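This is entry_16.tsv. It holds TSV, C-alpha atoms.
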chain	number	residue	atom	x	y	z
A	26	MET	CA	-27.89	-28.99	-16.28
A	27	LYS	CA	-29.73	-26.13	-17.99
A	28	GLU	CA	-28.63	-25.53	-21.57
A	29	LYS	CA	-26.93	-22.23	-22.35
A	30	TYR	CA	-27.57	-20.47	-25.66
A	31	SER	CA	-25.00	-17.69	-25.52
A	32	GLY	CA	-25.25	-16.99	-29.24
A	33	LEU	CA	-29.01	-16.64	-28.96
A	34	ASP	CA	-28.69	-14.22	-26.03
A	35	ILE	CA	-26.35	-12.05	-28.11
A	36	SER	CA	-28.58	-12.23	-31.20
A	37	GLN	CA	-31.64	-11.19	-29.18
A	38	PHE	CA	-29.77	-8.19	-27.82
A	39	ILE	CA	-28.72	-7.19	-31.35
A	40	SER	CA	-32.30	-7.72	-32.56
A	41	SER	CA	-33.60	-5.33	-29.89
A	42	ILE	CA	-31.11	-2.72	-31.12
A	43	LEU	CA	-32.28	-3.27	-34.71
A	44	ILE	CA	-35.87	-2.65	-33.62
A	45	ILE	CA	-34.81	0.68	-32.12
A	46	PHE	CA	-33.23	1.47	-35.51
A	47	ILE	CA	-36.59	0.81	-37.19
A	48	HIS	CA	-38.41	3.22	-34.88
A	49	SER	CA	-35.80	6.00	-35.03
A	50	GLY	CA	-36.88	7.45	-38.36
A	51	ARG	CA	-34.72	8.06	-41.41
A	52	MET	CA	-31.04	7.20	-40.98
A	53	PHE	CA	-29.60	8.03	-44.40
A	54	GLU	CA	-30.45	10.53	-47.09
A	55	ASN	CA	-29.53	7.93	-49.69
A	56	ASP	CA	-32.62	5.81	-50.42
A	57	LEU	CA	-30.70	2.60	-51.09
A	58	ALA	CA	-28.64	2.85	-47.88
A	59	GLN	CA	-31.83	3.58	-45.95
A	60	PHE	CA	-33.56	0.57	-47.50
A	61	ILE	CA	-30.67	-1.82	-46.82
A	62	LEU	CA	-30.54	-0.87	-43.14
A	63	LYS	CA	-34.21	-0.42	-42.28
A	64	SER	CA	-35.97	-2.74	-44.73
A	65	GLU	CA	-33.42	-5.52	-45.12
A	66	LEU	CA	-31.14	-5.88	-42.10
A	67	CYS	CA	-33.60	-4.71	-39.42
A	68	ARG	CA	-36.49	-6.82	-40.75
A	69	ILE	CA	-34.71	-9.98	-39.59
A	70	ALA	CA	-35.20	-9.05	-35.91
A	71	VAL	CA	-38.91	-9.76	-35.30
A	72	PRO	CA	-39.06	-13.08	-37.21
A	73	LEU	CA	-36.00	-14.20	-35.22
A	74	PHE	CA	-37.80	-13.31	-31.97
A	75	LEU	CA	-40.87	-15.26	-33.12
A	76	ILE	CA	-38.98	-18.39	-34.17
A	77	THR	CA	-37.10	-18.30	-30.86
A	78	ASN	CA	-40.39	-18.07	-28.94
A	79	GLY	CA	-41.91	-20.89	-30.96
A	80	TYR	CA	-38.87	-23.11	-30.41
A	81	PHE	CA	-38.69	-22.64	-26.65
A	82	TYR	CA	-42.46	-22.79	-26.20
A	83	ARG	CA	-42.44	-26.15	-27.94
A	84	LYS	CA	-39.53	-27.30	-25.80
A	85	MET	CA	-41.38	-26.39	-22.59
A	86	SER	CA	-44.78	-27.66	-23.70
A	87	LEU	CA	-43.43	-31.17	-24.31
A	88	SER	CA	-42.05	-31.38	-20.78
A	89	THR	CA	-44.78	-29.43	-18.94
A	90	PRO	CA	-48.37	-30.74	-19.02
A	91	ASN	CA	-51.00	-28.18	-20.04
A	92	TYR	CA	-48.35	-25.50	-20.58
A	93	LEU	CA	-50.41	-23.27	-22.90
A	94	PRO	CA	-52.54	-21.56	-20.18
A	95	THR	CA	-49.44	-20.91	-18.08
A	96	TYR	CA	-47.59	-19.40	-21.05
A	97	VAL	CA	-50.54	-17.25	-22.15
A	98	LYS	CA	-51.10	-16.00	-18.60
A	99	ARG	CA	-47.43	-14.98	-18.28
A	100	GLN	CA	-47.41	-13.16	-21.61
A	101	LEU	CA	-50.73	-11.45	-20.87
A	102	LYS	CA	-49.45	-10.25	-17.51
A	103	THR	CA	-46.46	-8.58	-19.18
A	104	TYR	CA	-48.60	-7.22	-22.02
A	105	LEU	CA	-51.28	-5.69	-19.80
A	106	LEU	CA	-48.72	-4.16	-17.44
A	107	TRP	CA	-46.93	-2.38	-20.28
A	108	SER	CA	-50.21	-1.45	-21.93
A	109	ILE	CA	-51.04	0.49	-18.77
A	110	VAL	CA	-47.60	2.13	-18.85
A	111	TYR	CA	-48.12	3.24	-22.47
A	112	LEU	CA	-51.82	4.10	-22.10
A	113	PRO	CA	-51.15	7.91	-22.06
A	114	TYR	CA	-49.30	7.53	-25.39
A	115	GLY	CA	-52.19	5.49	-26.78
A	116	LEU	CA	-54.72	8.13	-25.75
A	117	GLN	CA	-52.57	10.84	-27.30
A	118	MET	CA	-52.47	8.91	-30.58
A	119	LEU	CA	-56.24	8.42	-30.46
A	120	SER	CA	-56.68	12.18	-30.22
A	121	THR	CA	-55.01	12.54	-33.63
A	122	PHE	CA	-57.76	10.47	-35.27
A	123	ASN	CA	-61.23	11.74	-36.02
A	124	ILE	CA	-62.84	9.68	-33.25
A	125	GLU	CA	-65.42	10.96	-30.79
A	126	ALA	CA	-64.43	10.64	-27.15
A	127	LYS	CA	-67.35	8.30	-26.41
A	128	TYR	CA	-65.81	5.73	-28.76
A	129	TYR	CA	-62.41	5.78	-27.04
A	130	PRO	CA	-63.16	2.68	-24.89
A	131	LEU	CA	-64.00	0.66	-28.04
A	132	ALA	CA	-60.88	1.96	-29.79
A	133	LEU	CA	-58.73	0.98	-26.80
A	134	ILE	CA	-60.25	-2.52	-26.70
A	135	PHE	CA	-59.47	-2.89	-30.41
A	136	ALA	CA	-55.92	-1.69	-29.77
A	137	LEU	CA	-55.45	-4.13	-26.89
A	138	LEU	CA	-56.71	-7.07	-28.93
A	139	TYR	CA	-54.87	-6.24	-32.13
A	140	LEU	CA	-52.59	-3.21	-32.58
A	141	GLY	CA	-51.33	-2.53	-29.07
A	142	VAL	CA	-51.66	0.86	-27.37
A	143	CYS	CA	-48.10	1.64	-28.52
A	144	TYR	CA	-46.50	0.72	-31.83
A	145	HIS	CA	-44.27	-2.05	-30.45
A	146	LEU	CA	-46.91	-3.78	-28.32
A	147	TRP	CA	-48.65	-5.38	-31.34
A	148	TYR	CA	-46.08	-8.14	-30.83
A	149	PHE	CA	-47.80	-9.58	-27.75
A	150	PRO	CA	-51.32	-10.23	-29.14
A	151	ALA	CA	-49.69	-11.54	-32.34
A	152	LEU	CA	-47.39	-13.87	-30.37
A	153	ILE	CA	-50.13	-15.15	-28.06
A	154	PHE	CA	-52.59	-15.78	-30.88
A	155	ALA	CA	-49.99	-17.48	-33.11
A	156	ILE	CA	-48.81	-19.78	-30.30
A	157	TRP	CA	-52.40	-20.69	-29.48
A	158	LEU	CA	-53.27	-21.27	-33.14
A	159	VAL	CA	-50.27	-23.50	-33.90
A	160	GLU	CA	-50.81	-25.48	-30.69
A	161	LYS	CA	-54.46	-26.14	-31.56
A	162	LEU	CA	-54.03	-26.84	-35.28
A	163	LYS	CA	-51.17	-29.32	-34.72
A	164	LYS	CA	-53.76	-31.67	-33.22
A	165	TYR	CA	-55.61	-31.89	-36.53
A	166	LEU	CA	-53.15	-31.09	-39.35
A	167	SER	CA	-49.76	-32.45	-40.37
A	168	ASN	CA	-46.73	-30.18	-40.46
A	169	LYS	CA	-46.84	-30.13	-44.28
A	170	LEU	CA	-50.46	-28.96	-44.34
A	171	LEU	CA	-49.74	-26.41	-41.63
A	172	LEU	CA	-46.82	-25.03	-43.65
A	173	VAL	CA	-49.01	-24.75	-46.76
A	174	LEU	CA	-51.71	-22.96	-44.76
A	175	ALA	CA	-49.18	-20.66	-43.09
A	176	PHE	CA	-47.61	-19.80	-46.45
A	177	ILE	CA	-51.00	-18.95	-47.97
A	178	LEU	CA	-51.80	-16.67	-45.03
A	179	TYR	CA	-48.35	-15.07	-45.21
A	180	SER	CA	-48.84	-14.51	-48.94
A	181	PHE	CA	-52.02	-12.56	-48.26
A	182	GLY	CA	-50.18	-10.50	-45.65
A	183	ALA	CA	-47.41	-9.87	-48.18
A	184	LEU	CA	-49.86	-7.86	-50.29
A	185	GLU	CA	-48.89	-5.09	-47.86
A	186	THR	CA	-45.28	-5.26	-49.09
A	187	TYR	CA	-46.16	-5.87	-52.73
A	188	SER	CA	-49.13	-3.48	-52.91
A	189	SER	CA	-47.45	-1.41	-55.64
A	190	TYR	CA	-47.47	-4.50	-57.88
A	191	THR	CA	-51.13	-5.36	-57.21
A	192	ARG	CA	-52.53	-1.81	-57.29
A	193	GLY	CA	-55.59	-1.62	-59.55
A	194	THR	CA	-56.15	-5.40	-59.56
A	195	ALA	CA	-58.98	-7.24	-57.80
A	196	LEU	CA	-56.43	-8.64	-55.32
A	197	GLY	CA	-55.10	-5.18	-54.59
A	198	GLN	CA	-58.59	-3.77	-54.08
A	199	MET	CA	-59.47	-6.61	-51.72
A	200	PHE	CA	-56.38	-5.90	-49.64
A	201	ASP	CA	-57.09	-2.16	-49.63
A	202	GLN	CA	-60.54	-2.87	-48.20
A	203	TYR	CA	-59.00	-5.08	-45.54
A	204	LYS	CA	-56.42	-2.42	-44.70
A	205	SER	CA	-59.06	0.32	-44.43
A	206	ILE	CA	-60.66	-1.65	-41.58
A	207	LEU	CA	-57.78	-3.46	-39.83
A	208	PHE	CA	-54.89	-1.10	-40.77
A	209	THR	CA	-52.19	-3.75	-41.21
A	210	SER	CA	-51.69	-7.45	-41.95
A	211	LYS	CA	-48.78	-7.61	-39.49
A	212	ASN	CA	-50.59	-9.73	-36.91
A	213	GLY	CA	-50.70	-13.21	-35.41
A	214	LEU	CA	-52.59	-14.80	-38.30
A	215	PHE	CA	-50.79	-13.50	-41.38
A	216	PHE	CA	-47.32	-12.69	-40.01
A	217	ALA	CA	-46.44	-14.41	-36.73
A	218	PHE	CA	-48.14	-17.74	-37.47
A	219	ILE	CA	-45.57	-19.04	-39.96
A	220	PHE	CA	-42.54	-18.10	-37.83
A	221	ILE	CA	-43.98	-19.65	-34.67
A	222	LEU	CA	-44.73	-22.79	-36.69
A	223	LEU	CA	-41.14	-22.85	-37.99
A	224	GLY	CA	-39.92	-22.64	-34.38
A	225	PHE	CA	-42.04	-25.71	-33.55
A	226	ILE	CA	-40.76	-27.64	-36.59
A	227	ILE	CA	-37.11	-26.80	-35.94
A	228	HIS	CA	-37.47	-28.08	-32.38
A	229	ASP	CA	-39.13	-31.32	-33.46
A	230	PHE	CA	-36.79	-32.09	-36.37
A	231	GLN	CA	-33.53	-30.35	-35.48
A	232	GLN	CA	-31.59	-33.60	-35.86
A	233	ALA	CA	-32.86	-34.11	-39.42
A	234	LYS	CA	-30.30	-33.86	-42.24
A	235	ILE	CA	-31.95	-30.77	-43.72
A	236	PHE	CA	-31.26	-28.90	-40.48
A	237	LYS	CA	-27.74	-30.26	-39.96
A	238	GLN	CA	-25.97	-30.40	-43.31
A	239	ASN	CA	-24.40	-27.57	-45.33
A	240	ILE	CA	-25.94	-24.85	-43.18
A	241	LEU	CA	-23.33	-22.25	-44.16
A	242	VAL	CA	-23.92	-22.94	-47.86
A	243	LYS	CA	-27.66	-22.62	-47.30
A	244	LEU	CA	-27.06	-19.35	-45.45
A	245	ILE	CA	-25.10	-17.88	-48.37
A	246	ILE	CA	-27.77	-18.95	-50.88
A	247	SER	CA	-30.60	-17.59	-48.70
A	248	ILE	CA	-28.81	-14.24	-48.27
A	249	PHE	CA	-28.43	-14.03	-52.06
A	250	ILE	CA	-32.17	-14.75	-52.52
A	251	TYR	CA	-32.99	-12.21	-49.80
A	252	CYS	CA	-30.97	-9.54	-51.62
A	253	LEU	CA	-32.68	-10.35	-54.93
A	254	GLU	CA	-36.12	-10.02	-53.35
A	255	GLY	CA	-34.98	-6.81	-51.70
A	256	LYS	CA	-34.16	-5.40	-55.14
A	257	VAL	CA	-37.66	-6.30	-56.37
A	258	ILE	CA	-39.24	-4.58	-53.36
A	259	PHE	CA	-36.93	-1.53	-53.55
A	260	ASN	CA	-37.88	-0.87	-57.16
A	261	ASN	CA	-41.62	-0.70	-56.31
A	262	GLN	CA	-42.21	-0.18	-52.61
A	263	GLY	CA	-45.63	-0.91	-51.09
A	264	TYR	CA	-47.37	0.21	-47.93
A	265	ASP	CA	-44.72	-1.33	-45.69
A	266	LYS	CA	-41.94	-3.89	-45.88
A	267	ASN	CA	-42.64	-6.35	-43.07
A	268	PHE	CA	-43.49	-9.32	-45.29
A	269	ILE	CA	-40.51	-10.61	-47.27
A	270	PHE	CA	-40.86	-14.18	-48.55
A	271	SER	CA	-37.17	-15.02	-48.28
A	272	LEU	CA	-37.30	-14.31	-44.53
A	273	ILE	CA	-39.11	-17.65	-44.29
A	274	ILE	CA	-35.88	-19.31	-45.47
A	275	LEU	CA	-33.21	-16.96	-44.14
A	276	VAL	CA	-34.29	-16.55	-40.51
A	277	PRO	CA	-34.65	-20.29	-39.71
A	278	ILE	CA	-31.13	-20.85	-41.09
A	279	ILE	CA	-29.76	-18.01	-38.93
A	280	PHE	CA	-31.57	-19.49	-35.92
A	281	LEU	CA	-30.14	-22.96	-36.64
A	282	LEU	CA	-26.62	-21.58	-36.90
A	283	ILE	CA	-27.04	-19.81	-33.56
A	284	ILE	CA	-28.41	-22.78	-31.59
A	285	GLN	CA	-25.86	-25.15	-33.14
A	286	SER	CA	-22.99	-22.84	-32.21
A	287	LYS	CA	-20.68	-24.11	-29.49
A	288	PHE	CA	-19.84	-20.58	-28.37
A	289	LYS	CA	-20.39	-20.21	-24.62
A	290	TRP	CA	-20.31	-17.10	-22.45
A	291	ASN	CA	-21.38	-17.42	-18.83
A	292	LYS	CA	-22.53	-13.80	-18.62
A	293	SER	CA	-24.68	-13.88	-21.78
A	294	TRP	CA	-27.85	-14.00	-19.63
A	295	ILE	CA	-27.24	-10.30	-18.92
A	296	LEU	CA	-27.74	-9.50	-22.62
A	297	ARG	CA	-30.89	-11.66	-22.67
A	298	SER	CA	-32.28	-9.65	-19.77
A	299	TYR	CA	-31.31	-6.35	-21.38
A	300	SER	CA	-32.83	-7.28	-24.76
A	301	LYS	CA	-36.34	-7.70	-23.33
A	302	LYS	CA	-36.08	-4.50	-21.33
A	303	LEU	CA	-34.76	-2.56	-24.34
A	304	PHE	CA	-37.68	-3.78	-26.41
A	305	LEU	CA	-40.24	-2.78	-23.79
A	306	LEU	CA	-38.71	0.54	-22.74
A	307	HIS	CA	-37.34	2.12	-25.91
A	308	PRO	CA	-40.53	3.84	-27.20
A	309	MET	CA	-40.89	5.68	-23.90
A	310	PHE	CA	-37.41	7.19	-24.12
A	311	LEU	CA	-37.59	7.65	-27.89
A	312	GLU	CA	-40.83	9.64	-27.79
A	313	ILE	CA	-39.82	11.74	-24.76
A	314	ILE	CA	-36.43	12.60	-26.29
A	315	LYS	CA	-37.94	13.38	-29.70
A	316	MET	CA	-40.68	15.58	-28.21
A	317	SER	CA	-38.24	17.42	-25.91
A	318	VAL	CA	-35.79	18.21	-28.72
A	319	GLU	CA	-38.46	19.21	-31.21
A	320	ASN	CA	-40.11	21.49	-28.63
A	321	ASN	CA	-36.77	23.31	-28.41
A	322	GLY	CA	-36.77	24.36	-32.03
A	323	VAL	CA	-35.53	21.31	-33.94
A	324	GLU	CA	-37.87	20.70	-36.85
A	325	LYS	CA	-37.62	16.90	-36.98
A	326	PHE	CA	-35.35	14.96	-34.65
A	327	GLN	CA	-34.62	11.48	-36.03
A	328	GLY	CA	-31.93	9.17	-37.35
A	329	PHE	CA	-28.68	8.29	-35.62
A	330	PRO	CA	-28.86	11.10	-33.00
A	331	LEU	CA	-32.31	9.87	-31.90
A	332	PHE	CA	-31.19	6.24	-32.02
A	333	LEU	CA	-28.03	6.82	-29.97
A	334	SER	CA	-29.75	9.00	-27.37
A	335	THR	CA	-32.58	6.47	-27.01
A	336	LEU	CA	-30.27	3.47	-26.73
A	337	SER	CA	-27.91	5.12	-24.23
A	338	SER	CA	-30.82	6.40	-22.10
A	339	CYS	CA	-32.44	2.96	-22.02
A	340	LEU	CA	-29.21	1.19	-21.13
A	341	ALA	CA	-28.47	3.71	-18.36
A	342	CYS	CA	-31.97	3.35	-16.94
A	343	ILE	CA	-31.85	-0.46	-17.03
A	344	PHE	CA	-28.41	-0.51	-15.39
A	345	ILE	CA	-29.45	1.89	-12.60
A	346	VAL	CA	-32.75	0.12	-11.87
A	347	ASP	CA	-31.05	-3.29	-11.83
A	348	LYS	CA	-28.46	-1.95	-9.39
A	349	ILE	CA	-31.17	-0.53	-7.13
A	350	ILE	CA	-33.10	-3.81	-7.18
A	351	SER	CA	-30.01	-5.83	-6.33
A	352	ASN	CA	-29.00	-3.40	-3.58
A	353	SER	CA	-28.55	-5.09	-0.21
A	354	ILE	CA	-31.01	-2.68	1.47
A	355	PHE	CA	-33.85	-4.05	-0.62
A	356	ASN	CA	-32.67	-7.62	-0.16
A	357	GLN	CA	-32.50	-7.17	3.62
A	358	ARG	CA	-36.01	-5.75	3.76
A	359	ARG	CA	-37.22	-8.41	1.34
A	360	ILE	CA	-39.07	-5.87	-0.73
A	361	LYS	CA	-40.24	-7.49	-3.96
A	362	ILE	CA	-39.78	-5.16	-6.92
A	363	PRO	CA	-41.12	-6.32	-10.31
A	364	ASN	CA	-38.69	-6.62	-13.19
A	365	LEU	CA	-38.98	-4.24	-16.09
Output the structure of this file as structure tokens.
Amino acid sequence: MKEKYSGLDISQFISSILIIFIHSGRMFENDLAQFILKSELCRIAVPLFLITNGYFYRKMSLSTPNYLPTYVKRQLKTYLLWSIVYLPYGLQMLSTFNIEAKYYPLALIFALLYLGVCYHLWYFPALIFAIWLVEKLKKYLSNKLLLVLAFILYSFGALETYSSYTRGTALGQMFDQYKSILFTSKNGLFFAFIFILLGFIIHDFQQAKIFKQNILVKLIISIFIYCLEGKVIFNNQGYDKNFIFSLIILVPIIFLLIIQSKFKWNKSWILRSYSKKLFLLHPMFLEIIKMSVENNGVEKFQGFPLFLSTLSSCLACIFIVDKIISNSIFNQRRIKIPNL
């Protein structure tokens, strides 16, 4: 019988909502409230997605021979489809840079391989590369060495978050040079690698004492550490706040609590389906709504009104399309309609 992870389905749905929060602009005028929501609470979402992917990839790869090509092909199919959908947005963003039109094909190739043609699609090349890298390196390195390597790479990426502390130093200058070429360290090597690896390790050693005992106590301690690090970052904020060291401790504990939960809900698969569609669709609705409102005289449309209008529009669209697809007329005619 197939295992049900109702808690994980719910957490993924909540994570998708948190990602919409991140992209909806400023929520609060108060800087501290804004930081707590956008740079503390919401930053848990993507690492949780990555650990979940690493865990279930590992689970499937151990039972399915040569699973990596199948997994990569499936992810690439989704990624390329949605890259085509968001291509007009990508071209519009390119027009805002000082790039000659003849270099657009090269810029688009770079975006496809690294940044994504829309701001949320970076996740797919990062996920694919990190899965591939962990799978290959596990053949040659122990888990301890892999964790050390992943932590070193994550530490370099964290120069993005801690850039205000390294400004003027040789390390800061080195990162600035990197950033001037590759824009961000939020990628498969520096960011996704460690969380995918943690997903693998949790799967392989989930019965170990460290993953079974005193999890609630560990959660409380990790939240306290996370808040302390948040205070350090808030006092001197860098380029961005994707890399937070205590996420490496906090998110695996949250994931363990979720998969160890005995809570069951037979309809939780609906939320799992909606979470993926929300993630993929929300920039389309967000940008259309923002542009439409701002073209009607609003100077800058953002925050909770943009978030609520985006979320409700996405949910309505997903519900309507799902109803159309499940309609008996389509079933009778056996017309195959791709999922969102």
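Our summary of the geometry notes that CA of Ile219 (chain A) is positioned 8.6 Å from CA of Leu171 (chain A).
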Please produce, as a Markdown table, a per-residue contact table for region 101-201 of chain A versus region 303-323 of chain A (criterion: any atom at most 9 Å away, only C-alpha atoms considered), showing the nearest atom pair and its distance in Å to one decimal, sorted by chain then residue number.
| residue | atom | partner | partner_atom | distance |
| --- | --- | --- | --- | --- |
| A:Trp107 | CA | A:Leu305 | CA | 7.6 |
| A:Tyr111 | CA | A:Met309 | CA | 7.8 |
| A:Tyr114 | CA | A:Met309 | CA | 8.7 |
| A:Cys143 | CA | A:Pro308 | CA | 8.0 |
| A:Tyr144 | CA | A:Pro308 | CA | 8.2 |
| A:His145 | CA | A:Pro308 | CA | 7.7 |
| A:Leu146 | CA | A:Leu305 | CA | 8.1 |
Open item on the list: Just checking: using only C-alpha atoms, which residue out of A:Pro94, A:Ile273, A:Lys243, A:Ile156 ends up closest to Leu172 (chain A)?
Closed with: A:Ile273
Open item on the list: Report as number ranges by chain all protein, DNA and RNA residues lying within 9 Å of Val97 (chain A), evaluated on only C-alpha atoms, omitting residues in the same chain fewer than 4 positions from it.
Closed with: A: 92-93, 101-102, 153, 156-157
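For the atom pair formed by CA of Leu138 (chain A) and CA of Phe154 (chain A), the distance is 9.8 Å, given to one decimal.
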- [ ] Could you check which of A:Gln117, A:Gln100, A:Gln231, A:Asn267 is closest to Tyr80 (chain A), using only C-alpha atoms?
- [x] A:Gln231
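For the pair CA of Ser189 (chain A) and CA of Gly328 (chain A), the separation is 26.2 Å.
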Hey, could you pull the box centre and edge lengths for region 332-339 of chain A, axis-aligned, 4 Å padding per side, all listed atoms, to one decimal in Å, as AutoDock Vina command-line options?
--center_x -30.2 --center_y 6.0 --center_z -27.0 --size_x 12.7 --size_y 14.0 --size_z 18.0
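Minimum distance to Ile226 (chain A) across A:Ile284, A:Leu57, A:Ile269, A:Ile76 (counting all atoms listed in the file) occurs at A:Ile76.
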Open item on the list: My list of candidates is A:Phe288, A:Tyr187, A:Phe216, A:Trp147. Which is closest to Ser31 (chain A) when distances are computed with only C-alpha atoms?
Closed with: A:Phe288
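Among the candidate residues A:Ile47, A:Leu282, A:Leu275, A:Ile235, the one lying nearest to Leu62 (chain A) is A:Ile47, with distances computed using all atoms listed in the file.
Nearest residue to Phe149 (chain A) among A:Leu137, A:Ile61, A:Leu336, A:Leu33 is A:Leu137, counting all atoms listed in the file.
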- [ ] For a cut-off of 12 Å around (-60.0, -12.9, -52.9), file coordinates, pick out all residues using only C-alpha atoms and list them as a VMD selection string.
- [x] chain A and resid 177 to 178 180 to 181 184 194 to 203
Open item on the list: If we count all atoms listed in the file and set the cut-off at 9 Å, which residues sit around Phe81 (chain A), ignoring sequence neighbours fewer than 5 positions away in its own chain? Please answer as a list in words.
Closed with: Ile76, Ser86, Gly224, Phe225 and His228 of chain A
Per-residue nearest contacts region 159-268 of chain A to region 132-135 of chain A, cut-off 12 Å, using all atoms listed in the file, as CSV:
residue,atom,partner,partner_atom,distance
A:Ile206,CA,A:Phe135,CA,11.3
A:Leu207,CA,A:Phe135,CA,9.6
A:Phe208,CA,A:Phe135,CA,11.5
